[in-house]
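**Q** Structure file model_34.txt (compact mmCIF, C-alpha atoms) right here:
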# COMPACT_ATOMS: atom_id res chain seq x y z
CA MET A 1187 4.77 1.91 18.65
CA VAL A 1188 8.44 2.74 19.24
CA ASP A 1189 9.98 -0.27 17.53
CA GLY A 1190 7.32 -0.93 14.94
CA PHE A 1191 4.19 -2.97 14.41
CA GLU A 1192 3.58 -6.63 15.19
CA PHE A 1193 0.50 -8.40 13.88
CA THR A 1194 0.07 -11.98 14.99
CA ALA A 1195 -2.17 -14.84 13.89
CA LEU A 1196 -3.90 -12.82 11.17
CA THR A 1197 -6.65 -15.13 9.96
CA PHE A 1198 -9.37 -14.45 7.39
CA PRO A 1199 -12.09 -15.55 7.26
CA ARG A 1200 -12.50 -17.52 10.45
CA ASP A 1201 -11.60 -20.81 8.76
CA GLY A 1202 -8.33 -19.37 7.43
CA ALA A 1203 -9.24 -20.04 3.81
CA VAL A 1204 -7.68 -16.75 2.67
CA LEU A 1205 -5.15 -15.93 5.39
CA ASP A 1206 -3.87 -18.70 7.60
CA ALA A 1207 -2.66 -17.33 10.97
CA LEU A 1208 -0.02 -15.00 9.52
CA ASP A 1209 2.51 -13.17 11.68
CA ILE A 1210 3.61 -9.87 10.12
CA SER A 1211 5.97 -7.20 11.39
CA VAL A 1212 6.72 -3.74 10.03
CA GLY A 1213 9.49 -1.63 11.49
CA ALA A 1214 8.59 1.87 12.63
CA THR A 1215 10.46 3.37 9.65
CA GLU A 1216 10.54 0.34 7.35
CA SER A 1217 9.15 -0.15 3.84
CA VAL A 1218 7.87 -3.72 3.47
CA ALA A 1219 6.63 -4.98 0.09
CA LEU A 1220 4.09 -7.78 -0.31
CA PHE A 1221 4.67 -9.77 -3.49
CA GLY A 1222 2.80 -12.72 -4.92
CA PRO A 1223 0.28 -13.83 -7.54
CA ASN A 1224 -3.28 -12.58 -7.81
CA GLY A 1225 -5.46 -14.20 -5.17
CA GLY A 1226 -2.49 -14.93 -2.93
CA GLY A 1227 -3.81 -12.85 -0.03
CA LYS A 1228 -2.02 -9.50 -0.36
CA SER A 1229 -5.13 -7.33 -0.50
CA SER A 1230 -6.88 -9.35 2.19
CA LEU A 1231 -3.90 -8.94 4.50
CA LEU A 1232 -3.96 -5.16 4.10
CA ARG A 1233 -7.73 -5.07 4.61
CA VAL A 1234 -7.53 -7.14 7.80
CA ILE A 1235 -4.89 -4.82 9.28
CA ALA A 1236 -6.89 -1.76 8.20
CA GLY A 1237 -10.10 -3.24 9.59
CA THR A 1238 -12.05 -2.99 6.32
CA ALA A 1239 -12.51 -6.73 5.80
CA PRO A 1240 -15.82 -8.17 7.06
CA ARG A 1241 -15.97 -8.66 10.83
CA THR A 1242 -12.56 -7.08 11.45
CA GLU A 1243 -11.38 -3.99 13.29
CA PRO A 1244 -8.24 -1.89 12.72
CA ARG A 1245 -5.13 -3.47 14.18
CA ALA A 1246 -3.28 -0.12 14.33
CA GLU A 1247 -3.68 3.54 13.47
CA VAL A 1248 -3.25 3.43 9.72
CA ALA A 1249 -3.65 5.39 6.52
CA TYR A 1250 -4.98 2.90 3.96
CA LEU A 1251 -5.32 3.09 0.20
CA PRO A 1252 -7.27 0.14 -1.27
CA GLN A 1253 -6.50 -1.37 -4.65
CA ILE A 1254 -9.53 0.32 -6.20
CA PRO A 1255 -9.82 3.76 -4.55
CA TYR A 1256 -13.17 5.48 -4.48
CA LEU A 1257 -14.13 9.13 -4.77
CA PHE A 1258 -17.44 10.31 -3.35
CA ARG A 1259 -19.84 12.43 -5.36
CA GLY A 1260 -18.89 16.09 -5.40
CA ALA A 1261 -15.80 18.10 -6.15
CA VAL A 1262 -12.36 16.51 -6.32
CA ALA A 1263 -11.22 19.11 -3.76
CA SER A 1264 -13.61 17.84 -1.09
CA ASN A 1265 -12.47 14.27 -1.72
CA LEU A 1266 -8.83 15.27 -1.45
CA THR A 1267 -9.17 16.47 2.14
CA LEU A 1268 -11.88 14.09 3.34
CA GLY A 1269 -11.16 12.96 6.90
CA LEU A 1270 -8.04 15.10 7.25
CA ASP A 1271 -7.37 17.85 9.78
CA GLU A 1272 -6.23 21.33 8.73
CA GLU A 1273 -2.52 20.57 8.70
CA GLU A 1274 -3.03 17.30 6.85
CA SER A 1275 -5.33 19.03 4.35
CA ASP A 1276 -2.60 21.56 3.57
CA GLN A 1277 -0.20 18.69 2.97
CA ALA A 1278 -2.74 16.96 0.71
CA ARG A 1279 -3.02 20.10 -1.41
CA ARG A 1280 0.78 20.32 -1.69
CA LEU A 1281 0.90 16.68 -2.77
CA ALA A 1282 -1.85 17.31 -5.32
CA GLU A 1283 0.52 19.85 -6.88
CA GLU A 1284 3.36 17.32 -6.93
CA PHE A 1285 1.11 14.65 -8.39
CA ALA A 1286 -0.07 17.09 -11.11
CA VAL A 1287 -3.75 16.92 -10.14
CA ALA A 1288 -4.18 20.33 -8.47
CA ARG A 1289 -5.75 21.60 -11.69
CA LEU A 1290 -8.54 19.06 -11.23
CA LEU A 1291 -9.68 20.15 -7.78
CA GLY A 1292 -12.67 22.11 -9.07
CA LYS A 1293 -13.92 19.27 -11.25
CA PRO A 1294 -16.66 16.80 -10.29
CA SER A 1295 -15.09 13.59 -9.04
CA ASP A 1296 -16.79 11.50 -11.73
CA GLU A 1297 -15.11 13.44 -14.52
CA ILE A 1298 -11.50 12.45 -13.88
CA SER A 1299 -9.62 9.39 -15.10
CA VAL A 1300 -8.61 6.28 -13.18
CA GLY A 1301 -5.00 7.42 -13.04
CA GLU A 1302 -6.01 10.87 -11.84
CA THR A 1303 -8.26 9.32 -9.19
CA GLN A 1304 -5.30 7.26 -7.97
CA ARG A 1305 -3.13 10.37 -7.66
CA VAL A 1306 -5.81 12.24 -5.70
CA CYS A 1307 -6.33 9.30 -3.34
CA LEU A 1308 -2.59 8.83 -2.93
CA ALA A 1309 -2.24 12.49 -1.97
CA ARG A 1310 -4.99 12.16 0.64
CA THR A 1311 -3.58 8.92 2.07
CA LEU A 1312 0.01 10.13 2.27
CA ALA A 1313 -1.08 13.41 3.88
CA SER A 1314 -2.45 11.52 6.87
CA SER A 1315 -0.19 11.58 9.91
CA ALA A 1316 -0.94 7.93 10.78
CA PRO A 1317 2.23 6.07 11.82
CA LEU A 1318 1.56 3.11 9.50
CA VAL A 1319 0.69 3.49 5.82
CA LEU A 1320 -0.95 0.63 3.88
CA LEU A 1321 -0.97 0.87 0.07
CA ASP A 1322 -2.48 -1.74 -2.25
CA GLU A 1323 -0.86 -1.64 -5.71
CA PRO A 1324 -0.26 2.12 -5.41
CA LEU A 1325 1.55 2.51 -8.74
CA SER A 1326 -0.43 0.13 -10.97
CA PRO A 1327 -2.95 2.75 -12.23
CA ILE A 1328 -0.18 5.34 -12.76
CA ASN A 1329 1.15 5.74 -16.31
CA ALA A 1330 4.39 3.83 -16.70
CA ALA A 1331 6.50 6.92 -17.37
CA SER A 1332 5.59 8.41 -13.98
CA ARG A 1333 5.76 5.36 -11.70
CA MET A 1334 9.32 5.81 -10.47
CA GLU A 1335 8.73 9.51 -9.80
CA ILE A 1336 5.51 8.83 -7.87
CA GLY A 1337 7.21 5.98 -6.03
CA SER A 1338 9.97 8.34 -4.92
CA ILE A 1339 7.37 10.77 -3.55
CA ILE A 1340 5.71 7.90 -1.65
CA THR A 1341 9.09 6.98 -0.17
CA ARG A 1342 9.73 10.56 0.90
CA CYS A 1343 6.26 11.01 2.42
CA THR A 1344 6.51 7.78 4.42
CA SER A 1345 10.03 8.43 5.68
CA GLY A 1346 9.92 8.05 9.46
CA ARG A 1347 6.81 5.86 9.29
CA GLY A 1348 6.03 2.23 8.60
CA LEU A 1349 4.93 1.33 5.08
CA LEU A 1350 3.35 -1.97 4.04
CA TRP A 1351 2.42 -2.17 0.38
CA ALA A 1352 1.38 -4.70 -2.23
CA THR A 1353 2.88 -4.81 -5.71
CA HIS A 1354 3.33 -7.04 -8.74
CA SER A 1355 6.48 -5.21 -9.86
CA LEU A 1356 9.92 -6.46 -8.93
CA ARG A 1357 11.32 -3.21 -10.28
CA GLU A 1358 9.27 -1.31 -7.70
CA VAL A 1359 10.33 -3.74 -4.97
CA ARG A 1360 14.00 -3.18 -5.76
CA ALA A 1361 13.57 0.59 -5.93
CA PHE A 1362 11.42 1.25 -2.88
CA ALA A 1363 11.34 -1.67 -0.40
CA ASP A 1364 13.63 -2.48 2.52
CA ARG A 1365 12.15 -5.92 3.07
CA LEU A 1366 10.15 -8.35 0.94
CA ILE A 1367 7.40 -10.78 1.94
CA VAL A 1368 6.39 -13.41 -0.62
CA LEU A 1369 2.77 -14.43 -0.08
CA ASP A 1370 0.67 -17.07 -1.83
CA ASP A 1371 -2.41 -19.09 -0.84
CA GLY A 1372 -2.60 -17.05 2.36
CA VAL A 1373 0.80 -18.29 3.55
CA ILE A 1374 4.15 -16.52 3.81
CA LEU A 1375 6.59 -18.46 1.64
CA GLN A 1376 9.69 -16.35 2.27
CA GLU A 1377 10.66 -13.00 3.75
CA GLY A 1378 13.80 -11.00 4.33
CA PRO A 1379 15.94 -8.18 2.90
CA VAL A 1380 14.96 -7.54 -0.71
CA GLU A 1381 18.12 -8.62 -2.52
CA GLN A 1382 18.59 -11.65 -0.26
CA VAL A 1383 15.12 -12.95 -1.09
CA LEU A 1384 15.30 -12.14 -4.79
CA ASN A 1385 18.75 -13.64 -5.23
CA SER A 1386 18.11 -16.76 -3.14
CA PRO A 1387 14.53 -18.04 -3.50
CA VAL A 1388 13.89 -20.62 -0.81
CA ASP A 1389 12.42 -23.13 -3.26
CA ALA A 1390 11.15 -23.64 -6.81
CA ARG A 1391 7.72 -22.29 -5.93
CA VAL A 1392 9.12 -18.92 -4.88
CA ALA A 1393 11.44 -18.87 -7.88
CA SER A 1394 8.46 -19.43 -10.17
CA ILE A 1395 6.59 -16.55 -8.54
CA PHE A 1396 9.56 -14.32 -9.36
CA GLY A 1397 9.48 -15.62 -12.92
CA SER A 1398 12.71 -17.55 -12.61
CA PRO A 1399 13.13 -20.75 -14.62
Just give me the structure as structure tokens.
**A**
Amino acid sequence: MVDGFEFTALTFPRDGAVLDALDISVGATESVALFGPNGGGKSSLLRVIAGTAPRTEPRAEVAYLPQIPYLFRGAVASNLTLGLDEEESDQARRLAEEFAVARLLGKPSDEISVGETQRVCLARTLASSAPLVLLDEPLSPINAASRMEIGSIITRCTSGRGLLWATHSLREVRAFADRLIVLDDGVILQEGPVEQVLNSPVDARVASIFGSP
């Protein structure tokens, strides 16, 4: 899409118990953060757009990293390039170097740590040329000392594309998002430019989600 992505009346499941007819937009080159408590609907929203939730189909051409990424049995190297074309595979290998996991490519996938698995899956996801990238808590499994560095690489690799990502970190929101959507109980409570939303919560409920008194 030239101007971005529009997703209307996103409902899951059919009775709307998790997502209640949400309308979501992501600009063609915009980074949009989803913020809210556990169980608020962030992961479900990403899954519905990606088409991985039950009885759903992809709403756009996306590269999607779930909250708990999975590596198939076999070498890390084969997992790194799974589903990618030759050019994308080359990019994935370059990102593996940046993410400090290139040394692991010859290892069996079940012998690397959770954080290392996240880095491998991030490299594969970001190497995709899909115009919309969906990331569910991409920095949570990364050691705290590296999160800002990895976040900067994510920002660089999604420059020129849409990015919709879930996080529990207001620090990450401030560092890497253009726009913020506050989501709870499957309903959008507030959205807008990051500092506008953070500085002016629409009500006490949103303020409490941010941790404000």
**Q** Extract, using all atoms listed in the file, all DNA, RNA and protein residues at most 10 Å from region 1233-1241 of chain A, discarding same-chain residues fewer than 5 positions from it, and format them as a PyMOL selection string.
**A** chain A and resi 1193+1196-1200+1205+1210+1227-1228+1246-1252+1318-1320+1322
**Q** Just write the chosen residues, C-alpha atoms, as a short mmCIF file (atom, residue, chain, number, x, y, z; two decimals), in the frame of the given file.
**A**
data_model
loop_
_atom_site.label_atom_id
_atom_site.label_comp_id
_atom_site.auth_asym_id
_atom_site.auth_seq_id
_atom_site.Cartn_x
_atom_site.Cartn_y
_atom_site.Cartn_z
CA PHE A 1193 0.50 -8.40 13.88
CA LEU A 1196 -3.90 -12.82 11.17
CA THR A 1197 -6.65 -15.13 9.96
CA PHE A 1198 -9.37 -14.45 7.39
CA PRO A 1199 -12.09 -15.55 7.26
CA ARG A 1200 -12.50 -17.52 10.45
CA LEU A 1205 -5.15 -15.93 5.39
CA ILE A 1210 3.61 -9.87 10.12
CA GLY A 1227 -3.81 -12.85 -0.03
CA LYS A 1228 -2.02 -9.50 -0.36
CA ALA A 1246 -3.28 -0.12 14.33
CA GLU A 1247 -3.68 3.54 13.47
CA VAL A 1248 -3.25 3.43 9.72
CA ALA A 1249 -3.65 5.39 6.52
CA TYR A 1250 -4.98 2.90 3.96
CA LEU A 1251 -5.32 3.09 0.20
CA PRO A 1252 -7.27 0.14 -1.27
CA LEU A 1318 1.56 3.11 9.50
CA VAL A 1319 0.69 3.49 5.82
CA LEU A 1320 -0.95 0.63 3.88
CA ASP A 1322 -2.48 -1.74 -2.25
#
**Q** Go through A:Gln1376, A:Gln1382, A:Ser1299, A:Ser1314 and flag the residue nearest Gln1277 (chain A), using only C-alpha atoms for the distances.
**A**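 Checking each candidate against Gln1277 (chain A), we get A:Ser1314 as the closest.
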**Q** Go through A:Leu1232, A:Thr1194, A:Pro1379, A:Arg1245 and flag the residue nearest Ser1211 (chain A), using all atoms listed in the file for the distances.
**A**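 Checking each of A:Leu1232, A:Thr1194, A:Pro1379, A:Arg1245 against Ser1211 (chain A), counting all atoms listed in the file, the winner is A:Thr1194.
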**Q** If you count only C-alpha atoms, which residues fall within 10 Å of region 1393-1396 of chain A, apart from same-chain ones fewer than 6 positions away, as an NGL selection string?
**A** :A and (1221-1223 or 1354-1356 or 1368-1370 or 1383-1387)
**Q** For the selection just defined, write its residues with C-alpha atoms to a file, as a JSON list (two decimals), in the frame of the given file.
**A**
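Just written: result.json:
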[["chain", "number", "residue", "atom", "x", "y", "z"],
["A", 1221, "PHE", "CA", 4.67, -9.77, -3.49],
["A", 1222, "GLY", "CA", 2.80, -12.72, -4.92],
["A", 1223, "PRO", "CA", 0.28, -13.83, -7.54],
["A", 1354, "HIS", "CA", 3.33, -7.04, -8.74],
["A", 1355, "SER", "CA", 6.48, -5.21, -9.86],
["A", 1356, "LEU", "CA", 9.92, -6.46, -8.93],
["A", 1368, "VAL", "CA", 6.39, -13.41, -0.62],
["A", 1369, "LEU", "CA", 2.77, -14.43, -0.08],
["A", 1370, "ASP", "CA", 0.67, -17.07, -1.83],
["A", 1383, "VAL", "CA", 15.12, -12.95, -1.09],
["A", 1384, "LEU", "CA", 15.30, -12.14, -4.79],
["A", 1385, "ASN", "CA", 18.75, -13.64, -5.23],
["A", 1386, "SER", "CA", 18.11, -16.76, -3.14],
["A", 1387, "PRO", "CA", 14.53, -18.04, -3.50]]
**Q** One decimal, Å: what's the distance from CA of Ala1263 (chain A) over to CA of Thr1353 (chain A), could you say?
**A** 27.8 Å
**Q** Which residue is closest to Ile1340 (chain A)? Choose from A:Ala1195, A:Leu1325, A:Ile1374, A:Val1359 and count all atoms listed in the file.
**A**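 Smallest separation from Ile1340 (chain A) among the options: A:Leu1325.
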**Q** Counting only C-alpha atoms, find residues at most 10 Å from (-10.1, 11.1, 9.3) (file frame) and give them as a ChimeraX atom specification.
**A** /A:1249,1267-1271,1274,1311,1314-1316
**Q** For the atom pair CA of Glu1323 (chain A) and CA of Gln1253 (chain A), what is the interatomic distance in Å to one decimal place?
**A** 5.7 Å
**Q** Identify the residues around (-4.7, 14.6, -3.0) within a radius of 8 Å, measuring from all atoms listed in the file in the coordinates stated by the file, and give them as a PDB file with C-alpha atoms, in the frame of the given file.
**A**
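Contents of result_34.pdb, freshly written:
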ATOM      1  CA  ALA A1263     -11.220  19.110  -3.760  1.00  0.00           C
ATOM      2  CA  ASN A1265     -12.470  14.270  -1.720  1.00  0.00           C
ATOM      3  CA  LEU A1266      -8.830  15.270  -1.450  1.00  0.00           C
ATOM      4  CA  THR A1267      -9.170  16.470   2.140  1.00  0.00           C
ATOM      5  CA  ALA A1278      -2.740  16.960   0.710  1.00  0.00           C
ATOM      6  CA  ARG A1279      -3.020  20.100  -1.410  1.00  0.00           C
ATOM      7  CA  LEU A1281       0.900  16.680  -2.770  1.00  0.00           C
ATOM      8  CA  ALA A1282      -1.850  17.310  -5.320  1.00  0.00           C
ATOM      9  CA  PHE A1285       1.110  14.650  -8.390  1.00  0.00           C
ATOM     10  CA  VAL A1287      -3.750  16.920 -10.140  1.00  0.00           C
ATOM     11  CA  ALA A1288      -4.180  20.330  -8.470  1.00  0.00           C
ATOM     12  CA  ARG A1305      -3.130  10.370  -7.660  1.00  0.00           C
ATOM     13  CA  VAL A1306      -5.810  12.240  -5.700  1.00  0.00           C
ATOM     14  CA  CYS A1307      -6.330   9.300  -3.340  1.00  0.00           C
ATOM     15  CA  LEU A1308      -2.590   8.830  -2.930  1.00  0.00           C
ATOM     16  CA  ALA A1309      -2.240  12.490  -1.970  1.00  0.00           C
ATOM     17  CA  ARG A1310      -4.990  12.160   0.640  1.00  0.00           C
ATOM     18  CA  THR A1311      -3.580   8.920   2.070  1.00  0.00           C
ATOM     19  CA  ALA A1313      -1.080  13.410   3.880  1.00  0.00           C
TER      20      ALA A1313
END
**Q** Which residue, A:Ala1219, A:Leu1321, A:Val1300, A:Val1388, has the smallest gap to Arg1357 (chain A) when you use all atoms listed in the file?
**A**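 Among A:Ala1219, A:Leu1321, A:Val1300, A:Val1388, it is A:Ala1219 that comes nearest to Arg1357 (chain A).
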**Q** Kindly complete region 1268-1282 of chain A to N, CA and C atoms; the output should be written as an mmCIF file, in the frame of the given file.
**A**
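Here's the written file selection.cif:
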data_model
loop_
_atom_site.group_PDB
_atom_site.id
_atom_site.type_symbol
_atom_site.label_atom_id
_atom_site.label_comp_id
_atom_site.auth_asym_id
_atom_site.auth_seq_id
_atom_site.Cartn_x
_atom_site.Cartn_y
_atom_site.Cartn_z
ATOM 1 N N LEU A 1268 -10.892 14.805 2.532
ATOM 2 C CA LEU A 1268 -11.880 14.090 3.340
ATOM 3 C C LEU A 1268 -11.212 13.362 4.501
ATOM 4 N N GLY A 1269 -11.669 13.645 5.715
ATOM 5 C CA GLY A 1269 -11.160 12.960 6.900
ATOM 6 C C GLY A 1269 -9.850 13.508 7.435
ATOM 7 N N LEU A 1270 -9.313 14.542 6.821
ATOM 8 C CA LEU A 1270 -8.040 15.100 7.250
ATOM 9 C C LEU A 1270 -8.239 16.349 8.104
ATOM 10 N N ASP A 1271 -7.315 16.607 9.028
ATOM 11 C CA ASP A 1271 -7.370 17.850 9.780
ATOM 12 C C ASP A 1271 -6.751 18.976 8.945
ATOM 13 N N GLU A 1272 -6.673 20.160 9.513
ATOM 14 C CA GLU A 1272 -6.230 21.330 8.730
ATOM 15 C C GLU A 1272 -4.798 21.172 8.227
ATOM 16 N N GLU A 1273 -3.911 20.735 9.104
ATOM 17 C CA GLU A 1273 -2.520 20.570 8.700
ATOM 18 C C GLU A 1273 -2.372 19.487 7.642
ATOM 19 N N GLU A 1274 -3.079 18.381 7.827
ATOM 20 C CA GLU A 1274 -3.030 17.300 6.850
ATOM 21 C C GLU A 1274 -3.633 17.740 5.519
ATOM 22 N N SER A 1275 -4.701 18.536 5.576
ATOM 23 C CA SER A 1275 -5.330 19.030 4.350
ATOM 24 C C SER A 1275 -4.370 19.911 3.557
ATOM 25 N N ASP A 1276 -3.606 20.742 4.254
ATOM 26 C CA ASP A 1276 -2.600 21.560 3.570
ATOM 27 C C ASP A 1276 -1.568 20.672 2.881
ATOM 28 N N GLN A 1277 -1.155 19.617 3.570
ATOM 29 C CA GLN A 1277 -0.200 18.690 2.970
ATOM 30 C C GLN A 1277 -0.801 17.985 1.763
ATOM 31 N N ALA A 1278 -2.076 17.612 1.834
ATOM 32 C CA ALA A 1278 -2.740 16.960 0.710
ATOM 33 C C ALA A 1278 -2.763 17.877 -0.510
ATOM 34 N N ARG A 1279 -3.007 19.158 -0.286
ATOM 35 C CA ARG A 1279 -3.020 20.100 -1.410
ATOM 36 C C ARG A 1279 -1.617 20.265 -2.013
ATOM 37 N N ARG A 1280 -0.593 20.250 -1.167
ATOM 38 C CA ARG A 1280 0.780 20.320 -1.690
ATOM 39 C C ARG A 1280 1.096 19.068 -2.514
ATOM 40 N N LEU A 1281 0.657 17.916 -2.031
ATOM 41 C CA LEU A 1281 0.900 16.680 -2.770
ATOM 42 C C LEU A 1281 0.109 16.644 -4.079
ATOM 43 N N ALA A 1282 -1.075 17.229 -4.074
ATOM 44 C CA ALA A 1282 -1.850 17.310 -5.320
ATOM 45 C C ALA A 1282 -1.076 18.086 -6.377
#
